[in-house]
$ cat work-v3.txt   # compact mmCIF, C-alpha atoms
# COMPACT_ATOMS: atom_id res chain seq x y z
CA MET A 1 0.00 0.00 0.00
CA SER A 2 2.79 2.40 0.81
CA GLY A 3 4.26 1.50 -2.57
CA TYR A 4 0.96 2.48 -4.19
CA LEU A 5 0.85 5.82 -2.38
CA ALA A 6 4.50 6.46 -3.27
CA ASP A 7 3.66 5.86 -6.95
CA VAL A 8 0.70 8.22 -6.73
CA ALA A 9 2.85 10.89 -5.07
CA ALA A 10 5.57 10.49 -7.69
CA LEU A 11 3.04 10.86 -10.52
CA ALA A 12 1.40 13.92 -8.98
CA ARG A 13 4.80 15.45 -8.28
CA LYS A 14 5.77 14.89 -11.90
CA ASP A 15 2.74 16.88 -13.08
CA LEU A 16 3.39 19.70 -10.64
CA ARG A 17 7.05 19.91 -11.62
CA LEU A 18 6.15 19.94 -15.31
CA GLU A 19 3.76 22.79 -14.65
CA LEU A 20 6.35 24.72 -12.64
CA ARG A 21 8.78 24.47 -15.54
CA ALA A 22 6.50 24.92 -18.53
CA ARG A 23 3.68 27.00 -16.98
CA ASP A 24 1.21 25.73 -19.55
CA THR A 25 -1.98 25.45 -17.58
CA LEU A 26 -2.15 27.44 -14.40
CA PRO A 27 -1.64 30.99 -15.75
CA ALA A 28 -4.33 30.28 -18.35
CA MET A 29 -6.75 29.10 -15.65
CA LEU A 30 -6.07 32.15 -13.47
CA LEU A 31 -6.58 34.61 -16.30
CA PHE A 32 -9.64 32.77 -17.53
CA VAL A 33 -11.41 32.76 -14.18
CA LEU A 34 -10.72 36.48 -13.63
CA ALA A 35 -11.89 37.36 -17.14
CA THR A 36 -15.03 35.26 -16.62
CA LEU A 37 -15.86 37.09 -13.39
CA VAL A 38 -15.50 40.42 -15.19
CA VAL A 39 -17.77 39.19 -17.99
CA PHE A 40 -20.31 38.15 -15.36
CA HIS A 41 -20.34 41.62 -13.93
CA PHE A 42 -21.59 42.91 -17.26
CA ALA A 43 -23.92 39.95 -17.76
CA LEU A 44 -25.77 40.57 -14.50
CA PRO A 45 -28.32 43.36 -14.22
CA ALA A 46 -27.28 45.97 -11.65
CA ASP A 47 -30.21 45.23 -9.33
CA ALA A 48 -29.95 41.44 -9.59
CA GLY A 49 -28.90 40.92 -5.96
CA ASP A 50 -26.39 38.35 -4.70
CA ASP A 51 -28.06 35.03 -5.58
CA PRO A 52 -27.43 35.09 -9.35
CA ALA A 53 -23.79 35.95 -8.68
CA TYR A 54 -23.41 32.76 -6.59
CA GLY A 55 -24.82 30.77 -9.47
CA LEU A 56 -22.37 32.34 -11.89
CA LEU A 57 -19.47 31.61 -9.54
CA TRP A 58 -20.20 27.93 -10.07
CA VAL A 59 -20.34 28.36 -13.81
CA ALA A 60 -16.94 30.08 -13.64
CA LEU A 61 -15.44 27.29 -11.50
CA VAL A 62 -16.73 24.48 -13.71
CA PHE A 63 -15.50 26.12 -16.91
CA THR A 64 -12.14 26.98 -15.38
CA SER A 65 -11.68 23.39 -14.30
CA LEU A 66 -12.60 22.34 -17.83
CA LEU A 67 -9.79 24.49 -19.16
CA GLY A 68 -7.31 22.74 -16.88
CA LEU A 69 -8.69 19.26 -17.57
CA ALA A 70 -8.46 19.76 -21.33
CA ARG A 71 -4.69 20.02 -20.93
CA ALA A 72 -4.39 17.33 -18.26
CA TRP A 73 -3.27 14.49 -20.53
CA VAL A 74 -1.39 16.52 -23.11
CA PRO A 75 2.06 15.80 -21.59
CA GLU A 76 1.27 12.08 -21.54
CA ARG A 77 0.06 12.05 -25.13
CA GLU A 78 3.06 13.88 -26.49
CA ALA A 79 5.93 11.48 -27.03
CA GLY A 80 3.68 8.56 -26.05
CA ALA A 81 4.51 8.79 -22.35
CA LEU A 82 1.16 7.25 -21.44
CA ASP A 83 2.21 3.89 -22.91
CA GLY A 84 5.24 3.97 -20.66
CA LEU A 85 3.13 4.76 -17.61
CA VAL A 86 0.67 1.98 -18.43
CA LEU A 87 3.55 -0.50 -18.75
CA ALA A 88 5.10 0.63 -15.47
CA PRO A 89 4.92 -1.99 -12.69
CA THR A 90 2.19 -0.24 -10.72
CA ASP A 91 -1.57 -0.40 -10.46
CA ARG A 92 -3.05 1.67 -13.32
CA SER A 93 -5.47 3.42 -10.99
CA ALA A 94 -2.40 5.13 -9.48
CA ILE A 95 -2.07 7.05 -12.77
CA TRP A 96 -5.62 8.31 -12.39
CA LEU A 97 -5.17 9.20 -8.72
CA GLY A 98 -1.93 11.08 -9.42
CA LYS A 99 -3.59 13.00 -12.23
CA ALA A 100 -6.63 13.79 -10.08
CA ILE A 101 -4.43 15.10 -7.27
CA ALA A 102 -2.39 17.26 -9.65
CA SER A 103 -5.58 18.62 -11.26
CA LEU A 104 -6.96 19.33 -7.81
CA ALA A 105 -3.80 21.27 -6.96
CA PHE A 106 -4.19 23.41 -10.12
CA LEU A 107 -7.88 23.99 -9.48
CA ALA A 108 -7.20 24.89 -5.83
CA ALA A 109 -4.57 27.39 -6.96
CA ALA A 110 -7.07 28.94 -9.37
CA GLU A 111 -9.66 29.10 -6.57
CA VAL A 112 -7.21 30.81 -4.22
CA VAL A 113 -7.34 33.69 -6.71
CA ALA A 114 -10.94 33.31 -7.87
CA LEU A 115 -12.69 33.23 -4.50
CA PRO A 116 -11.14 36.44 -3.07
CA ALA A 117 -11.81 38.10 -6.42
CA PHE A 118 -15.42 36.96 -6.23
CA ILE A 119 -15.76 38.33 -2.69
CA LEU A 120 -14.20 41.59 -3.82
CA PHE A 121 -16.34 41.96 -6.95
CA PHE A 122 -19.67 40.43 -5.96
CA ALA A 123 -20.68 38.98 -2.60
CA PRO A 124 -19.27 37.41 0.58
CA LEU A 125 -18.79 33.63 0.90
CA ASP A 126 -19.53 31.80 4.14
CA ALA A 127 -17.96 28.63 5.53
CA TYR A 128 -20.63 26.44 3.92
CA ALA A 129 -19.90 27.87 0.49
CA LEU A 130 -16.17 27.25 0.98
CA ALA A 131 -16.84 23.68 2.10
CA GLY A 132 -18.99 23.31 -1.01
CA VAL A 133 -16.14 24.56 -3.19
CA LEU A 134 -13.75 22.06 -1.60
CA LEU A 135 -16.09 19.07 -2.01
CA ALA A 136 -17.06 20.09 -5.52
CA SER A 137 -13.41 20.49 -6.55
CA ILE A 138 -12.70 16.93 -5.42
CA GLY A 139 -15.62 15.63 -7.47
CA ILE A 140 -14.68 17.70 -10.51
CA CYS A 141 -11.09 16.44 -10.50
CA ALA A 142 -12.05 12.82 -9.80
CA VAL A 143 -14.53 12.61 -12.68
CA GLY A 144 -12.65 15.06 -14.87
CA SER A 145 -9.38 13.13 -14.79
CA LEU A 146 -11.18 10.05 -16.06
CA VAL A 147 -13.32 11.64 -18.77
CA SER A 148 -10.44 13.77 -20.01
CA ALA A 149 -8.45 10.54 -20.44
CA MET A 150 -11.38 9.21 -22.48
CA ALA A 151 -11.50 12.37 -24.57
CA ALA A 152 -7.72 12.28 -25.03
CA ALA A 153 -8.05 8.86 -26.66
CA SER A 154 -10.41 10.26 -29.30
CA ARG A 155 -9.89 12.42 -32.35
CA GLY A 156 -11.96 15.48 -31.44
CA ARG A 157 -10.68 15.74 -27.89
CA GLU A 158 -10.99 19.50 -27.36
CA VAL A 159 -14.61 19.43 -28.50
CA LEU A 160 -15.55 16.22 -26.76
CA LEU A 161 -14.45 16.93 -23.22
CA PRO A 162 -17.08 19.61 -22.45
CA LEU A 163 -19.79 17.47 -24.05
CA ILE A 164 -18.95 14.53 -21.80
CA PHE A 165 -18.09 16.49 -18.71
CA LEU A 166 -20.94 19.02 -18.43
CA PRO A 167 -23.82 16.52 -18.00
CA LEU A 168 -21.72 14.81 -15.33
CA ALA A 169 -21.03 18.16 -13.66
CA ILE A 170 -24.69 19.21 -13.37
CA PRO A 171 -25.12 17.49 -9.96
CA ILE A 172 -21.96 19.26 -8.77
CA VAL A 173 -23.39 22.62 -9.76
CA VAL A 174 -26.66 21.79 -7.98
CA GLY A 175 -24.79 20.85 -4.82
CA GLY A 176 -22.46 23.84 -4.98
CA VAL A 177 -25.14 26.43 -5.62
CA GLY A 178 -27.29 24.85 -2.92
CA ALA A 179 -24.43 25.02 -0.43
CA SER A 180 -23.89 28.70 -1.30
CA ILE A 181 -27.48 30.00 -1.19
CA SER A 182 -29.72 27.46 0.54
CA GLU A 183 -31.19 27.83 4.01
CA GLU A 184 -30.02 24.31 4.85
CA PRO A 185 -26.58 23.96 3.23
CA GLY A 186 -25.80 20.76 5.16
CA LYS A 187 -28.09 18.77 2.89
CA PHE A 188 -26.23 19.96 -0.19
CA LEU A 189 -22.81 19.35 1.35
CA ALA A 190 -23.87 15.80 2.16
CA PHE A 191 -25.00 15.40 -1.44
CA LEU A 192 -21.65 16.65 -2.74
CA GLY A 193 -19.89 14.18 -0.45
CA LEU A 194 -22.06 11.38 -1.82
CA TYR A 195 -21.28 12.44 -5.39
CA ASP A 196 -17.54 12.48 -4.64
CA ALA A 197 -17.66 9.02 -3.10
CA VAL A 198 -19.74 7.42 -5.88
CA PHE A 199 -17.82 8.86 -8.79
CA ALA A 200 -14.37 8.65 -7.24
CA ILE A 201 -14.82 4.93 -6.60
CA LEU A 202 -16.25 4.40 -10.08
CA SER A 203 -13.44 6.35 -11.76
CA TRP A 204 -10.81 4.62 -9.68
CA ALA A 205 -12.16 1.21 -10.68
CA ALA A 206 -12.79 2.07 -14.34
CA PHE A 207 -9.58 3.92 -15.21
CA GLU A 208 -7.63 0.79 -16.08
CA TYR A 209 -10.04 0.00 -18.90
CA VAL A 210 -9.70 3.48 -20.40
CA VAL A 211 -5.93 3.39 -20.86
CA THR A 212 -5.18 -0.23 -21.65
CA GLU A 213 -5.38 -1.64 -25.15
CA MET B 1 -26.41 -19.64 -25.41
CA SER B 2 -28.29 -22.70 -24.17
CA MET B 3 -31.85 -21.49 -24.75
CA THR B 4 -32.96 -20.64 -28.29
CA LYS B 5 -34.49 -17.21 -28.53
CA PRO B 6 -38.07 -16.87 -29.86
CA SER B 7 -38.08 -15.75 -33.46
CA LEU B 8 -38.27 -12.06 -34.23
CA THR B 9 -41.38 -12.42 -36.36
CA VAL B 10 -43.31 -13.97 -33.48
CA LEU B 11 -42.10 -11.32 -31.05
CA ALA B 12 -42.92 -8.49 -33.43
CA SER B 13 -46.43 -9.83 -34.02
CA VAL B 14 -47.01 -10.18 -30.28
CA ALA B 15 -45.79 -6.60 -29.82
CA VAL B 16 -48.22 -5.33 -32.46
CA VAL B 17 -51.14 -7.24 -30.91
CA LEU B 18 -50.21 -5.98 -27.44
CA ALA B 19 -49.92 -2.40 -28.70
CA GLY B 20 -53.37 -2.66 -30.30
CA ALA B 21 -54.82 -4.11 -27.11
CA ALA B 22 -53.15 -1.36 -25.10
CA MET B 23 -54.67 1.33 -27.32
CA ALA B 24 -58.12 -0.25 -26.97
CA MET B 25 -57.78 -0.50 -23.21
CA ILE B 26 -56.49 3.05 -22.88
CA PHE B 27 -59.47 4.54 -24.72
CA PHE B 28 -62.32 2.13 -23.98
CA VAL B 29 -61.57 0.33 -20.71
CA ALA B 30 -59.67 2.77 -18.51
CA PRO B 31 -61.97 5.44 -17.07
CA GLU B 32 -61.28 9.06 -17.86
CA ASP B 33 -59.27 10.91 -15.24
CA ALA B 34 -61.57 13.09 -13.12
CA ASP B 35 -59.02 15.85 -12.86
CA GLN B 36 -57.22 15.99 -16.21
CA GLY B 37 -59.76 14.45 -18.58
CA LEU B 38 -58.68 13.11 -21.96
CA SER B 39 -55.16 14.53 -21.80
CA GLN B 40 -54.31 12.11 -19.00
CA LYS B 41 -54.43 9.28 -21.57
CA ILE B 42 -50.90 10.17 -22.66
CA PHE B 43 -49.77 8.93 -19.27
CA TYR B 44 -50.27 5.35 -20.51
CA VAL B 45 -47.72 5.98 -23.26
CA HIS B 46 -45.37 8.47 -21.62
CA VAL B 47 -44.57 6.55 -18.45
CA PRO B 48 -44.00 3.14 -20.13
CA ILE B 49 -41.70 4.83 -22.67
CA ALA B 50 -39.73 6.45 -19.85
CA LEU B 51 -39.46 3.14 -17.96
CA THR B 52 -38.37 1.43 -21.19
CA ALA B 53 -35.67 4.04 -21.72
CA TYR B 54 -34.35 3.32 -18.21
CA ALA B 55 -34.46 -0.40 -18.99
CA CYS B 56 -32.44 0.15 -22.18
CA PHE B 57 -29.81 2.19 -20.36
CA GLY B 58 -29.70 -0.46 -17.64
CA LEU B 59 -29.30 -3.20 -20.25
CA ALA B 60 -26.53 -1.23 -21.95
CA ALA B 61 -24.71 -0.84 -18.65
CA TRP B 62 -25.11 -4.54 -17.84
CA LYS B 63 -23.67 -5.50 -21.24
CA ALA B 64 -20.87 -2.98 -20.70
CA PHE B 65 -20.13 -4.56 -17.33
CA ARG B 66 -20.05 -7.98 -18.96
CA LEU B 67 -17.69 -6.64 -21.62
CA LEU B 68 -15.28 -5.33 -19.03
CA THR B 69 -15.36 -8.45 -16.88
CA THR B 70 -15.37 -11.17 -19.56
CA ARG B 71 -13.66 -9.31 -22.44
CA GLY B 72 -16.20 -10.80 -24.85
CA ASP B 73 -16.40 -8.35 -27.74
CA ARG B 74 -19.93 -9.40 -28.70
CA TYR B 75 -21.11 -7.32 -25.74
CA ASP B 76 -19.82 -4.15 -27.37
CA LEU B 77 -22.49 -4.05 -30.06
CA GLU B 78 -25.14 -5.13 -27.55
CA SER B 79 -24.22 -2.32 -25.20
CA TYR B 80 -24.13 0.18 -28.05
CA THR B 81 -27.55 -0.93 -29.29
CA GLY B 82 -28.93 -0.62 -25.77
CA VAL B 83 -27.70 2.95 -25.52
CA HIS B 84 -29.07 3.71 -28.98
CA GLN B 85 -32.53 2.37 -28.17
CA GLY B 86 -32.44 4.11 -24.79
CA THR B 87 -31.64 7.41 -26.47
CA ILE B 88 -34.52 6.95 -28.93
CA PHE B 89 -36.94 6.20 -26.12
CA GLY B 90 -35.46 9.01 -24.05
CA ALA B 91 -36.15 11.46 -26.87
CA LEU B 92 -39.70 10.09 -27.12
CA THR B 93 -40.09 10.61 -23.37
CA LEU B 94 -39.09 14.25 -23.80
CA VAL B 95 -41.56 14.68 -26.67
CA THR B 96 -44.51 12.99 -24.95
CA GLY B 97 -43.69 14.69 -21.66
CA SER B 98 -43.62 18.02 -23.41
CA ILE B 99 -47.01 17.38 -25.00
CA TRP B 100 -48.45 16.36 -21.64
CA ALA B 101 -46.99 19.45 -19.99
CA LYS B 102 -48.62 21.63 -22.65
CA ALA B 103 -51.98 19.91 -22.14
CA SER B 104 -52.05 19.98 -18.36
CA TRP B 105 -49.89 22.98 -17.40
CA GLY B 106 -50.13 25.09 -20.54
CA VAL B 107 -46.40 25.21 -21.27
CA TRP B 108 -44.23 23.09 -23.55
CA TRP B 109 -41.41 22.95 -21.07
CA THR B 110 -41.24 23.27 -17.31
CA TRP B 111 -38.20 22.99 -15.07
CA SER B 112 -40.44 21.96 -12.20
CA SER B 113 -41.03 18.51 -13.68
CA ASN B 114 -38.12 16.55 -12.28
CA GLN B 115 -38.48 13.55 -14.55
CA LEU B 116 -38.41 15.69 -17.67
CA VAL B 117 -35.32 17.56 -16.50
CA LEU B 118 -33.65 14.25 -15.67
CA PHE B 119 -34.38 12.97 -19.16
CA LEU B 120 -32.93 16.11 -20.67
CA VAL B 121 -29.71 15.58 -18.70
CA LEU B 122 -29.59 11.91 -19.68
CA PHE B 123 -30.34 12.75 -23.29
CA LEU B 124 -27.39 15.15 -23.38
CA PHE B 125 -25.17 12.61 -21.64
CA TYR B 126 -26.02 9.74 -23.97
CA CYS B 127 -25.83 11.89 -27.10
CA ALA B 128 -22.23 12.58 -26.14
CA TYR B 129 -21.77 8.77 -26.03
CA PHE B 130 -22.17 8.65 -29.79
CA MET B 131 -19.82 11.57 -30.33
CA LEU B 132 -17.20 9.88 -28.16
CA ARG B 133 -17.66 6.47 -29.72
CA TYR B 134 -17.36 7.66 -33.27
CA SER B 135 -14.26 9.72 -32.68
CA ILE B 136 -12.23 6.76 -31.41
CA GLU B 137 -10.66 4.27 -33.81
CA PRO B 138 -12.62 0.98 -33.80
CA GLY B 139 -10.94 -1.63 -31.66
CA PRO B 140 -10.69 -2.94 -28.12
CA ARG B 141 -9.93 0.53 -26.78
CA ARG B 142 -13.13 1.99 -28.18
CA GLU B 143 -15.09 -0.94 -26.77
CA ARG B 144 -13.66 -0.39 -23.29
CA ILE B 145 -14.13 3.37 -23.27
CA SER B 146 -17.71 3.07 -24.52
CA ALA B 147 -18.38 0.48 -21.86
CA VAL B 148 -16.99 2.65 -19.07
CA TYR B 149 -19.12 5.53 -20.35
CA ALA B 150 -22.27 3.38 -20.38
CA LEU B 151 -21.50 2.32 -16.81
CA PHE B 152 -21.15 5.96 -15.75
CA GLY B 153 -24.62 6.51 -17.17
CA VAL B 154 -26.34 4.24 -14.66
CA ALA B 155 -24.50 5.94 -11.82
CA LEU B 156 -25.55 9.31 -13.19
CA VAL B 157 -29.28 8.43 -13.19
CA PRO B 158 -29.83 8.23 -9.40
CA VAL B 159 -27.29 10.96 -8.63
CA SER B 160 -28.89 13.36 -11.12
CA PHE B 161 -32.34 12.45 -9.92
CA LEU B 162 -31.35 13.29 -6.37
CA ALA B 163 -29.73 16.52 -7.54
CA ILE B 164 -32.76 17.65 -9.50
CA ARG B 165 -35.04 16.77 -6.63
CA LEU B 166 -32.87 18.80 -4.28
CA ALA B 167 -32.79 21.68 -6.73
CA SER B 168 -36.50 22.16 -7.21
CA ASP B 169 -39.81 21.90 -5.49
CA PHE B 170 -41.57 18.70 -6.20
CA ILE B 171 -44.80 19.26 -8.09
CA HIS B 172 -44.77 16.52 -10.70
CA PRO B 173 -47.95 14.45 -10.39
CA THR B 174 -46.91 11.49 -8.29
CA VAL B 175 -48.68 8.44 -9.58
CA PHE B 176 -46.64 5.83 -7.75
CA THR B 177 -46.29 6.43 -4.04
CA ARG B 178 -45.27 4.26 -1.15
CA ASP B 179 -48.91 3.21 -0.75
CA GLY B 180 -48.80 1.59 -4.20
CA PRO B 181 -50.10 2.91 -7.49
CA GLN B 182 -52.74 5.63 -7.15
CA MET B 183 -54.90 4.24 -9.93
CA THR B 184 -58.08 2.27 -10.27
CA GLY B 185 -57.78 -1.38 -11.24
CA LYS B 186 -58.79 -0.76 -14.85
CA MET B 187 -56.37 2.11 -15.24
CA PHE B 188 -53.60 -0.01 -13.82
CA ALA B 189 -54.47 -2.88 -16.17
CA ALA B 190 -54.33 -0.56 -19.19
CA PHE B 191 -51.04 0.81 -17.94
CA CYS B 192 -49.54 -2.65 -17.57
CA VAL B 193 -50.62 -3.80 -21.03
CA SER B 194 -49.20 -0.62 -22.54
CA TRP B 195 -45.99 -1.10 -20.58
CA ALA B 196 -45.64 -4.68 -21.79
CA ALA B 197 -46.31 -3.61 -25.38
CA ILE B 198 -43.70 -0.87 -25.36
CA THR B 199 -41.08 -2.97 -23.61
CA LEU B 200 -41.59 -5.75 -26.12
CA LEU B 201 -41.45 -3.24 -28.97
CA ALA B 202 -38.15 -1.92 -27.62
CA TYR B 203 -36.81 -5.45 -27.39
CA VAL B 204 -37.81 -6.22 -30.98
CA MET B 205 -36.17 -3.00 -32.16
CA TYR B 206 -33.09 -3.90 -30.15
CA ARG B 207 -32.88 -7.31 -31.79
CA VAL B 208 -33.43 -5.92 -35.28
CA GLU B 209 -30.80 -3.24 -34.86
CA LEU B 210 -28.37 -5.70 -33.32
CA ALA B 211 -28.85 -8.15 -36.20
CA GLY B 212 -28.21 -5.34 -38.69
CA LYS B 213 -25.11 -4.15 -36.86
CA ARG B 214 -23.75 -7.70 -36.58
CA THR B 215 -24.26 -8.31 -40.29
CA ASP B 216 -22.51 -5.02 -41.01
CA ALA B 217 -19.55 -5.95 -38.84
CA ASN B 218 -19.27 -9.44 -40.34
CA LEU B 219 -19.45 -8.03 -43.84
CA ARG B 220 -16.70 -5.56 -43.09
CA GLU B 221 -14.51 -8.30 -41.68
CA LEU B 222 -15.14 -10.43 -44.75
CA ARG B 223 -14.20 -7.56 -47.05
CA GLU B 224 -10.99 -6.97 -45.16
CA VAL B 225 -10.09 -10.64 -45.44
CA LEU B 226 -10.86 -10.67 -49.17
CA ALA B 227 -8.90 -7.48 -49.78
CA SER B 228 -5.77 -8.68 -48.03
$ encode --input "work-v3.txt" --output "structure tokens"
Amino acid sequence: MSGYLADVAALARKDLRLELRARDTLPAMLLFVLATLVVFHFALPADAGDDPAYGLLWVALVFTSLLGLARAWVPEREAGALDGLVLAPTDRSAIWLGKAIASLAFLAAAEVVALPAFILFFAPLDAYALAGVLLASIGICAVGSLVSAMAAASRGREVLLPLIFLPLAIPIVVGGVGASISEEPGKFLAFLGLYDAVFAILSWAAFEYVVTE
Amino acid sequence: MSMTKPSLTVLASVAVVLAGAAMAMIFFVAPEDADQGLSQKIFYVHVPIALTAYACFGLAAWKAFRLLTTRGDRYDLESYTGVHQGTIFGALTLVTGSIWAKASWGVWWTWSSNQLVLFLVLFLFYCAYFMLRYSIEPGPRRERISAVYALFGVALVPVSFLAIRLASDFIHPTVFTRDGPQMTGKMFAAFCVSWAAITLLAYVMYRVELAGKRTDANLRELREVLAS
């Protein structure tokens, strides 16, 4: 088991180091989420109140994560590194878990900028909303790392990923918006936790079939 | 396969007879709904179609599961056909649901009907299945990825249903409750016959499509052998 975790850590570290050197993904995500928030300011009527802004925050987070996920498997595809990883003497699900953790790190970094910007531009966020963001990010990266591997195996990968990912992300948006604006946020946080558990286990178990020939 | 399957002709004829019987029962045996009148009759078509769509998605996921566990590639076409039939019946559910919504609530679309919203989400999800499938080179990899996607579908159904229920107030007419079906005996009988007819129809369509797809695949294989 410690060998498995060490493999996962090595894979995640590899992605983070690549990003630190090449800076392919994270600056794009940061700029995108800020630009989206500015667009939302002009999309919302002046007297709309806070609730629509919370909804748009979730749109911004989901689309920002999509931007990161679209690039998630690019390093592995270039130079056929994925074949090497699949042949490595480790459980294939470790590849998924490493990718999910690295994606989560990128998304968290984007949120560290996006959430203060949201508070500054639009409305305050309470502890429930932050817990919702955390749980939703886990779900987004768990499912996203799997479906972006699926999309990466296809021809039209840039087009396909949003088509596959958005229907799967609808429950996340429901849970996140509920946690931000509902009177009883606990219910929605529990739902997000359930989503994370169901889809993380499913992705963990299914990943092997996506990458092997 | 130890048991021989009943022939398609027989099944198709039974489906036609059942569908005729269902129509007769819907209009002549089942009493008119006191509240909604004639427009309630679409319930006998709409709900069985929706249940059939679920059954098709379930079948597709089961075949996908079999594909992943046994590696038998015959399950690939079966799973694909299940998804295809499910998508057809899902689209029909949206159409009939929309007509019913217009008749009883006066609008073609309402976000307050949880089942309709769920079918819209599923429809989007399973349409993407075809996009994904046809942009991967045919081969074991495509079979596996399609299978994993079909399996995700059955997990998405309850999760989405819960999400939509959480997201909106529940005003869809609840016909089945914990106290059993809220229908008279005759209504329930008409509903069951209609359900059987549509399920059988879906099965016949599934078999026909599968036979066509199999022939196609065999033909292609044959051509490749002859060409080489």
$ closest_atom_pairs --input "work-v3.txt" --of "chain A" --to "chain B" --cutoff "9 Å" --atoms "only C-alpha atoms" --output "Markdown table"
| residue | atom | partner | partner_atom | distance |
| --- | --- | --- | --- | --- |
| A:Val147 | CA | B:Tyr149 | CA | 8.6 |
| A:Met150 | CA | B:Ile145 | CA | 6.5 |
| A:Ala151 | CA | B:Leu132 | CA | 7.2 |
| A:Ala153 | CA | B:Ile136 | CA | 6.7 |
| A:Ser154 | CA | B:Ile136 | CA | 4.5 |
| A:Arg155 | CA | B:Ser135 | CA | 5.1 |
| A:Gly156 | CA | B:Ser135 | CA | 6.3 |
| A:Arg157 | CA | B:Ser135 | CA | 8.5 |
| A:Leu160 | CA | B:Leu132 | CA | 6.7 |
| A:Leu163 | CA | B:Ala128 | CA | 5.9 |
| A:Ile164 | CA | B:Ala128 | CA | 5.8 |
| A:Phe165 | CA | B:Phe125 | CA | 8.6 |
| A:Leu166 | CA | B:Phe125 | CA | 8.3 |
| A:Pro167 | CA | B:Phe125 | CA | 5.5 |
| A:Leu168 | CA | B:Leu156 | CA | 7.0 |
| A:Ile170 | CA | B:Ser160 | CA | 7.5 |
| A:Pro171 | CA | B:Ala163 | CA | 5.3 |
| A:Ile172 | CA | B:Ala163 | CA | 8.3 |
| A:Val174 | CA | B:Ala163 | CA | 6.1 |
| A:Gly175 | CA | B:Ala163 | CA | 7.1 |
| A:Gly178 | CA | B:Ala167 | CA | 7.4 |
| A:Lys187 | CA | B:Leu166 | CA | 8.6 |
| A:Phe188 | CA | B:Leu166 | CA | 7.9 |
| A:Phe191 | CA | B:Ala163 | CA | 7.8 |
| A:Leu194 | CA | B:Val159 | CA | 8.6 |
| A:Tyr195 | CA | B:Val159 | CA | 7.0 |
| A:Val198 | CA | B:Ala155 | CA | 7.8 |
| A:Phe199 | CA | B:Ala155 | CA | 7.9 |
| A:Leu202 | CA | B:Phe152 | CA | 7.7 |
| A:Ser203 | CA | B:Phe152 | CA | 8.7 |
| A:Ala206 | CA | B:Val148 | CA | 6.4 |
| A:Phe207 | CA | B:Val148 | CA | 8.5 |
| A:Tyr209 | CA | B:Arg144 | CA | 5.7 |
| A:Val210 | CA | B:Ile145 | CA | 5.3 |
| A:Val211 | CA | B:Arg141 | CA | 7.7 |
| A:Thr212 | CA | B:Arg141 | CA | 7.0 |
| A:Glu213 | CA | B:Arg141 | CA | 5.3 |
$ axis_aligned_box --input "work-v3.txt" --around "region 9-16 of chain A" --padding-each-side "3 Å" --output "AutoDock Vina command-line options"
--center_x 3.6 --center_y 15.1 --center_z -9.1 --size_x 10.4 --size_y 15.2 --size_z 14.0
$ closest_residue --input "work-v3.txt" --among "A:Val177, A:Leu97, A:Ala10, A:Val133" --to "Trp204 (chain A)" --atoms "only C-alpha atoms"
A:Leu97
$ residues_around --input "work-v3.txt" --residues "region 81-90 of chain A" --least-positions-apart "4" --cutoff "8 Å" --atoms "all atoms listed in the file" --output "PyMOL selection string"
chain A and resi 4+7+75-77+94-95+211-212
$ residues_around --input "work-v3.txt" --residues "Lys41 (chain B)" --least-positions-apart "2" --cutoff "10 Å" --atoms "all atoms listed in the file" --output "list of chain:residue names"
B:Met23, B:Ile26, B:Phe27, B:Ala30, B:Pro31, B:Glu32, B:Asp33, B:Gln36, B:Gly37, B:Leu38, B:Ser39, B:Phe43, B:Tyr44, B:Val45, B:His46, B:Trp100, B:Met187, B:Phe191
$ atom_distance --input "work-v3.txt" --atom1 "CA of Ala12 (chain B)" --atom2 "CA of Ile49 (chain B)"
17.2 Å
$ atom_distance --input "work-v3.txt" --atom1 "CA of Glu209 (chain B)" --atom2 "CA of Thr96 (chain B)"
23.4 Å
$ atom_distance --input "work-v3.txt" --atom1 "CA of Phe40 (chain A)" --atom2 "CA of Pro162 (chain A)"
20.1 Å
$ residues_around --input "work-v3.txt" --residues "region 62-67 of chain B" --least-positions-apart "6" --cutoff "7 Å" --atoms "only C-alpha atoms" --output "number ranges by chain"
B: 73, 75-76, 78-79, 147, 150-151
$ residues_around --input "work-v3.txt" --residues "Phe121 (chain A)" --least-positions-apart "2" --cutoff "9 Å" --atoms "only C-alpha atoms" --output "VMD selection string"
chain A and resid 37 to 38 41 116 to 119 123
$ write_last_selection --input "work-v3.txt" --atoms "C-alpha atoms" --output "PDB file, in the coordinates of the input"
ATOM      1  CA  LEU A  37     -15.860  37.090 -13.390  1.00  0.00           C
ATOM      2  CA  VAL A  38     -15.500  40.420 -15.190  1.00  0.00           C
ATOM      3  CA  HIS A  41     -20.340  41.620 -13.930  1.00  0.00           C
ATOM      4  CA  PRO A 116     -11.140  36.440  -3.070  1.00  0.00           C
ATOM      5  CA  ALA A 117     -11.810  38.100  -6.420  1.00  0.00           C
ATOM      6  CA  PHE A 118     -15.420  36.960  -6.230  1.00  0.00           C
ATOM      7  CA  ILE A 119     -15.760  38.330  -2.690  1.00  0.00           C
ATOM      8  CA  ALA A 123     -20.680  38.980  -2.600  1.00  0.00           C
TER       9      ALA A 123
END
$ closest_residue --input "work-v3.txt" --among "B:Ala55, B:His84, B:Val29, B:Val14" --to "Leu210 (chain B)" --atoms "only C-alpha atoms"
B:His84
$ closest_residue --input "work-v3.txt" --among "A:Gly139, A:Gly193, A:Gly55, A:Gly68" --to "Val33 (chain A)" --atoms "all atoms listed in the file"
A:Gly68
$ residues_around --input "work-v3.txt" --residues "Ala60 (chain A)" --least-positions-apart "6" --cutoff "10 Å" --atoms "only C-alpha atoms" --output "PyMOL selection string"
chain A and resi 32-37+40+54+66+114
